[in-house]
file target-v9.cif (mmCIF, C-alpha atoms)
data_model
loop_
_atom_site.group_PDB
_atom_site.id
_atom_site.type_symbol
_atom_site.label_atom_id
_atom_site.label_comp_id
_atom_site.auth_asym_id
_atom_site.auth_seq_id
_atom_site.Cartn_x
_atom_site.Cartn_y
_atom_site.Cartn_z
ATOM 1 C CA MET N 1 19.767 -31.964 -23.309
ATOM 2 C CA ALA N 2 19.412 -34.514 -20.535
ATOM 3 C CA GLY N 3 16.954 -33.783 -17.760
ATOM 4 C CA ALA N 4 15.524 -30.697 -19.434
ATOM 5 C CA ASN N 5 12.017 -31.594 -18.255
ATOM 6 C CA SER N 6 12.932 -32.312 -14.644
ATOM 7 C CA PRO N 7 12.458 -29.582 -12.064
ATOM 8 C CA GLY N 8 15.733 -27.867 -11.462
ATOM 9 C CA PRO N 9 17.293 -24.928 -9.726
ATOM 10 C CA SER N 10 15.741 -22.422 -12.130
ATOM 11 C CA GLN N 11 12.232 -23.476 -11.066
ATOM 12 C CA GLU N 12 13.220 -23.109 -7.398
ATOM 13 C CA VAL N 13 14.612 -19.652 -8.175
ATOM 14 C CA ARG N 14 11.351 -18.683 -9.869
ATOM 15 C CA LYS N 15 9.379 -19.849 -6.831
ATOM 16 C CA ALA N 16 11.751 -17.973 -4.507
ATOM 17 C CA ASN N 17 11.485 -14.849 -6.658
ATOM 18 C CA LYS N 18 7.676 -15.061 -6.571
ATOM 19 C CA ARG N 19 7.767 -15.360 -2.771
ATOM 20 C CA GLY N 20 10.225 -12.475 -2.560
ATOM 21 C CA ALA N 21 7.902 -10.386 -4.727
ATOM 22 C CA ALA N 22 4.985 -11.428 -2.489
ATOM 23 C CA ARG N 23 6.937 -10.278 0.589
ATOM 24 C CA LEU N 24 7.764 -6.939 -1.011
ATOM 25 C CA ALA N 25 4.121 -6.424 -2.050
ATOM 26 C CA ALA N 26 2.933 -7.451 1.428
ATOM 27 C CA VAL N 27 5.195 -4.850 3.048
ATOM 28 C CA GLN N 28 3.924 -2.214 0.623
ATOM 29 C CA ALA N 29 0.318 -3.189 1.358
ATOM 30 C CA LEU N 30 0.856 -3.154 5.132
ATOM 31 C CA TYR N 31 2.561 0.234 4.835
ATOM 32 C CA GLN N 32 -0.377 1.621 2.871
ATOM 33 C CA MET N 33 -2.841 0.194 5.385
ATOM 34 C CA ASP N 34 -0.882 1.782 8.233
ATOM 35 C CA LEU N 35 -0.590 5.239 6.662
ATOM 36 C CA ALA N 36 -3.869 5.550 4.791
ATOM 37 C CA GLY N 37 -6.050 3.348 6.966
ATOM 38 C CA THR N 38 -6.954 1.213 3.959
ATOM 39 C CA GLY N 39 -9.010 -1.848 4.908
ATOM 40 C CA LEU N 40 -7.910 -5.446 4.391
ATOM 41 C CA ASN N 41 -10.422 -6.327 1.659
ATOM 42 C CA GLU N 42 -9.736 -3.104 -0.214
ATOM 43 C CA ILE N 43 -5.956 -3.553 -0.079
ATOM 44 C CA MET N 44 -6.199 -7.193 -1.217
ATOM 45 C CA ALA N 45 -8.347 -6.250 -4.197
ATOM 46 C CA GLU N 46 -6.120 -3.310 -5.138
ATOM 47 C CA PHE N 47 -2.863 -5.234 -4.962
ATOM 48 C CA GLU N 48 -4.147 -8.347 -6.671
ATOM 49 C CA SER N 49 -5.684 -6.409 -9.559
ATOM 50 C CA HIS N 50 -3.039 -3.713 -10.045
ATOM 51 C CA TRP N 51 0.284 -4.497 -8.382
ATOM 52 C CA LEU N 52 1.066 -8.215 -8.382
ATOM 53 C CA GLY N 53 2.908 -8.835 -11.638
ATOM 54 C CA GLY N 54 1.598 -5.661 -13.235
ATOM 55 C CA GLU N 55 3.002 -2.351 -14.318
ATOM 56 C CA VAL N 56 2.378 0.671 -12.104
ATOM 57 C CA GLU N 57 3.559 4.160 -13.010
ATOM 58 C CA GLY N 58 5.988 2.718 -15.553
ATOM 59 C CA ALA N 59 7.578 0.232 -13.151
ATOM 60 C CA GLN N 60 7.140 -3.478 -13.865
ATOM 61 C CA TYR N 61 6.406 -5.484 -10.722
ATOM 62 C CA LEU N 62 7.583 -9.066 -10.516
ATOM 63 C CA PRO N 63 4.959 -11.785 -10.565
ATOM 64 C CA ALA N 64 4.191 -12.596 -6.957
ATOM 65 C CA GLU N 65 2.798 -15.705 -5.338
ATOM 66 C CA ALA N 66 -0.663 -14.283 -4.628
ATOM 67 C CA ALA N 67 -1.584 -16.857 -1.971
ATOM 68 C CA TYR N 68 1.618 -16.090 -0.080
ATOM 69 C CA PHE N 69 0.925 -12.347 -0.318
ATOM 70 C CA ARG N 70 -2.611 -12.878 1.032
ATOM 71 C CA ASP N 71 -1.338 -15.080 3.865
ATOM 72 C CA ILE N 72 1.223 -12.524 5.034
ATOM 73 C CA VAL N 73 -1.077 -9.490 4.863
ATOM 74 C CA SER N 74 -4.132 -11.147 6.386
ATOM 75 C CA GLY N 75 -1.956 -12.960 8.946
ATOM 76 C CA VAL N 76 -0.309 -9.739 10.116
ATOM 77 C CA VAL N 77 -3.704 -8.053 10.434
ATOM 78 C CA ARG N 78 -5.150 -11.054 12.299
ATOM 79 C CA GLU N 79 -2.157 -11.531 14.631
ATOM 80 C CA GLN N 80 -0.985 -7.931 15.070
ATOM 81 C CA THR N 81 -2.045 -7.740 18.731
ATOM 82 C CA ASN N 82 0.123 -10.820 19.414
ATOM 83 C CA LEU N 83 3.050 -9.754 17.217
ATOM 84 C CA ASP N 84 3.485 -6.098 18.220
ATOM 85 C CA PRO N 85 4.413 -6.775 21.884
ATOM 86 C CA LYS N 86 7.003 -9.332 20.746
ATOM 87 C CA ILE N 87 8.510 -6.817 18.311
ATOM 88 C CA ASP N 88 8.430 -4.095 20.990
ATOM 89 C CA ALA N 89 10.342 -6.386 23.364
ATOM 90 C CA ALA N 90 12.984 -7.059 20.688
ATOM 91 C CA LEU N 91 13.496 -3.361 19.908
ATOM 92 C CA SER N 92 15.962 -1.220 21.836
ATOM 93 C CA ARG N 93 14.574 0.334 24.997
ATOM 94 C CA GLY N 94 13.027 3.711 24.345
ATOM 95 C CA TRP N 95 12.125 2.885 20.744
ATOM 96 C CA PRO N 96 8.709 1.237 20.809
ATOM 97 C CA LEU N 97 7.260 -0.003 17.557
ATOM 98 C CA LYS N 98 4.939 3.007 17.295
ATOM 99 C CA ARG N 99 8.022 5.285 17.053
ATOM 100 C CA ILE N 100 9.567 3.290 14.194
ATOM 101 C CA GLU N 101 9.011 4.472 10.602
ATOM 102 C CA ALA N 102 5.863 2.996 9.043
ATOM 103 C CA VAL N 103 7.791 1.068 6.382
ATOM 104 C CA LEU N 104 9.993 -0.536 9.045
ATOM 105 C CA ARG N 105 6.915 -1.404 11.112
ATOM 106 C CA ALA N 106 5.510 -3.173 8.054
ATOM 107 C CA VAL N 107 8.779 -5.071 7.469
ATOM 108 C CA LEU N 108 9.070 -6.119 11.121
ATOM 109 C CA ARG N 109 5.423 -7.179 11.364
ATOM 110 C CA ALA N 110 5.606 -9.244 8.171
ATOM 111 C CA GLY N 111 8.879 -10.859 9.258
ATOM 112 C CA ALA N 112 7.549 -11.557 12.749
ATOM 113 C CA TYR N 113 4.410 -13.106 11.256
ATOM 114 C CA GLU N 114 6.438 -15.494 9.103
ATOM 115 C CA LEU N 115 8.706 -16.421 12.014
ATOM 116 C CA ALA N 116 5.710 -17.112 14.250
ATOM 117 C CA TYR N 117 3.339 -18.802 11.797
ATOM 118 C CA ARG N 118 5.243 -20.013 8.720
ATOM 119 C CA ASN N 119 7.420 -22.810 10.091
ATOM 120 C CA ASP N 120 7.721 -24.166 6.541
ATOM 121 C CA VAL N 121 10.208 -21.341 5.823
ATOM 122 C CA PRO N 122 13.559 -21.492 7.653
ATOM 123 C CA ALA N 123 14.127 -18.604 10.072
ATOM 124 C CA ARG N 124 17.385 -17.603 8.365
ATOM 125 C CA VAL N 125 15.519 -17.302 5.046
ATOM 126 C CA VAL N 126 12.784 -15.156 6.615
ATOM 127 C CA THR N 127 15.358 -12.845 8.182
ATOM 128 C CA SER N 128 17.433 -12.564 5.017
ATOM 129 C CA GLU N 129 14.403 -11.906 2.823
ATOM 130 C CA TYR N 130 13.062 -9.108 5.029
ATOM 131 C CA VAL N 131 16.500 -7.495 5.338
ATOM 132 C CA ASP N 132 16.507 -7.463 1.508
ATOM 133 C CA VAL N 133 13.000 -5.975 1.422
ATOM 134 C CA ALA N 134 13.999 -3.317 3.979
ATOM 135 C CA SER N 135 17.067 -2.398 1.909
ATOM 136 C CA ALA N 136 14.733 -1.289 -0.888
ATOM 137 C CA PHE N 137 13.351 1.424 1.421
ATOM 138 C CA VAL N 138 15.875 2.351 4.100
ATOM 139 C CA ASP N 139 19.626 2.744 4.657
ATOM 140 C CA LYS N 140 22.107 0.127 5.848
ATOM 141 C CA GLU N 141 21.908 1.113 9.519
ATOM 142 C CA GLU N 142 18.164 0.493 9.558
ATOM 143 C CA THR N 143 18.501 -2.822 7.702
ATOM 144 C CA GLY N 144 20.928 -3.840 10.457
ATOM 145 C CA MET N 145 18.205 -3.084 13.001
ATOM 146 C CA VAL N 146 15.748 -5.232 11.015
ATOM 147 C CA ASN N 147 18.295 -8.059 10.995
ATOM 148 C CA ALA N 148 18.905 -7.764 14.756
ATOM 149 C CA VAL N 149 15.204 -7.624 15.680
ATOM 150 C CA LEU N 150 14.207 -10.533 13.420
ATOM 151 C CA ASP N 151 17.186 -12.582 14.648
ATOM 152 C CA GLN N 152 16.114 -12.003 18.255
ATOM 153 C CA LEU N 153 12.512 -12.922 17.396
ATOM 154 C CA ALA N 154 13.704 -16.075 15.619
ATOM 155 C CA ARG N 155 15.580 -17.145 18.774
ATOM 156 C CA GLN N 156 12.383 -16.689 20.804
ATOM 157 C CA LEU N 157 9.793 -17.991 18.353
ATOM 158 C CA ARG N 158 11.888 -20.835 16.961
ATOM 159 C CA ALA N 159 14.138 -21.747 19.840
ATOM 160 C CA ALA N 160 14.529 -25.374 18.709
ATOM 161 C CA GLU N 161 15.505 -24.335 15.183
ATOM 162 C CA ALA N 162 17.982 -21.724 16.468
ATOM 163 C CA ALA N 163 19.518 -24.133 19.009
ATOM 164 C CA GLY N 164 19.773 -27.017 16.585
ATOM 165 C CA GLY N 165 21.006 -24.922 13.689
ATOM 166 C CA GLN N 166 18.307 -26.508 11.570
ATOM 167 C CA ALA N 167 17.367 -24.800 8.353
#
call {"tool": "encode", "arguments": {"input": "target-v9.cif", "output": "structure tokens"}}
result
Amino acid sequence: MAGANSPGPSQEVRKANKRGAARLAAVQALYQMDLAGTGLNEIMAEFESHWLGGEVEGAQYLPAEAAYFRDIVSGVVREQTNLDPKIDAALSRGWPLKRIEAVLRAVLRAGAYELAYRNDVPARVVTSEYVDVASAFVDKEETGMVNAVLDQLARQLRAAEAAGGQA
């Protein structure tokens, strides 16, 4: 089997799956922090010891890239006062972020954080990943809203990438 030891698409898929799992866990953590008022250190410890790659209530969670999970959650907490007004501006008039369901707030904040601070990930990937995460929790109409808001944020936060069609 030629090239069996060289990195190939399956290793990229595993890395992508671990990042996807990290995004899903980050949204769940942000949601829990929002609803229960759980602190950052407590949520990090809980998710890293029980959720990331573990089994909870009979459901097996995918292994997640822990550093990526930590970056998203701590980044959203650190930058929330900068991110929320940008998300509010991208939402339809009359529907401020505080009126959006908590799970959608978590998805939008995590997506906005990656668009603003993770330039190593193409904007189209960020948007697609968070639409996928949202689809695990909400219906198609709401995932369309996530797509529209993140697309608008990508145009603002990554104008050069959007204009140049760079990925």
call {"tool": "closest_residue", "arguments": {"input": "target-v9.cif", "among": "N:Leu35, N:Leu40, N:Asp120, N:Gly111", "to": "Gln152 in chain N", "atoms": "only C-alpha atoms"}}
result
N:Gly111
call {"tool": "resolve_selection", "arguments": {"input": "target-v9.cif", "expression": "the PyMOL selection byres ((chain N and resi 100) around 12)", "output": "PyMOL selection string"}}
result
chain N and resi 84+87-88+91-92+94-99+101-109+138+142+145-146
call {"tool": "resolve_selection", "arguments": {"input": "target-v9.cif", "expression": "the PyMOL selection byres ((chain N and resi 71-76) around 7)", "output": "JSON, numbers by chain"}}
result
{"N": [26, 30, 67, 68, 69, 70, 77, 78, 79, 80, 109, 110, 113]}
call {"tool": "resolve_selection", "arguments": {"input": "target-v9.cif", "expression": "the PyMOL selection byres ((chain N and resi 20-24) around 6)", "output": "PyMOL selection string"}}
result
chain N and resi 17-19+25-27+62+64-65+69+133
call {"tool": "closest_residue", "arguments": {"input": "target-v9.cif", "among": "N:Asn41, N:Asn119, N:Gln156, N:Asn147", "to": "Ser135 in chain N", "atoms": "all atoms listed in the file"}}
result
N:Asn147
call {"tool": "atom_distance", "arguments": {"input": "target-v9.cif", "atom1": "CA of Leu150 in chain N", "atom2": "CA of Glu42 in chain N"}}
result
28.5 Å
call {"tool": "closest_residue", "arguments": {"input": "target-v9.cif", "among": "N:Val131, N:Met33, N:Ala136, N:Val121", "to": "Asp151 in chain N", "atoms": "only C-alpha atoms"}}
result
N:Val131
call {"tool": "closest_residue", "arguments": {"input": "target-v9.cif", "among": "N:Gly144, N:Gln28, N:Val149, N:Ala159", "to": "Phe47 in chain N", "atoms": "only C-alpha atoms"}}
result
N:Gln28
call {"tool": "atom_distance", "arguments": {"input": "target-v9.cif", "atom1": "CA of Leu83 in chain N", "atom2": "CA of Ala116 in chain N"}}
result
8.4 Å
call {"tool": "atom_distance", "arguments": {"input": "target-v9.cif", "atom1": "CA of Glu161 in chain N", "atom2": "CA of Lys140 in chain N"}}
result
27.0 Å
call {"tool": "closest_residue", "arguments": {"input": "target-v9.cif", "among": "N:Asn82, N:Ala154, N:Ala45, N:Gln32", "to": "Thr127 in chain N", "atoms": "only C-alpha atoms"}}
result
N:Ala154
call {"tool": "closest_residue", "arguments": {"input": "target-v9.cif", "among": "N:Ile43, N:Ala160, N:Ala112, N:Ala66", "to": "Tyr31 in chain N", "atoms": "all atoms listed in the file"}}
result
N:Ile43
call {"tool": "axis_aligned_box", "arguments": {"input": "target-v9.cif", "around": "range 126-138 of chain N", "padding_each_side": "8 Å", "output": "lines of an AutoDock Vina configuration file"}}
result
center_x = 15.1
center_y = -6.4
center_z = 3.6
size_x = 20.6
size_y = 33.5
size_z = 25.1
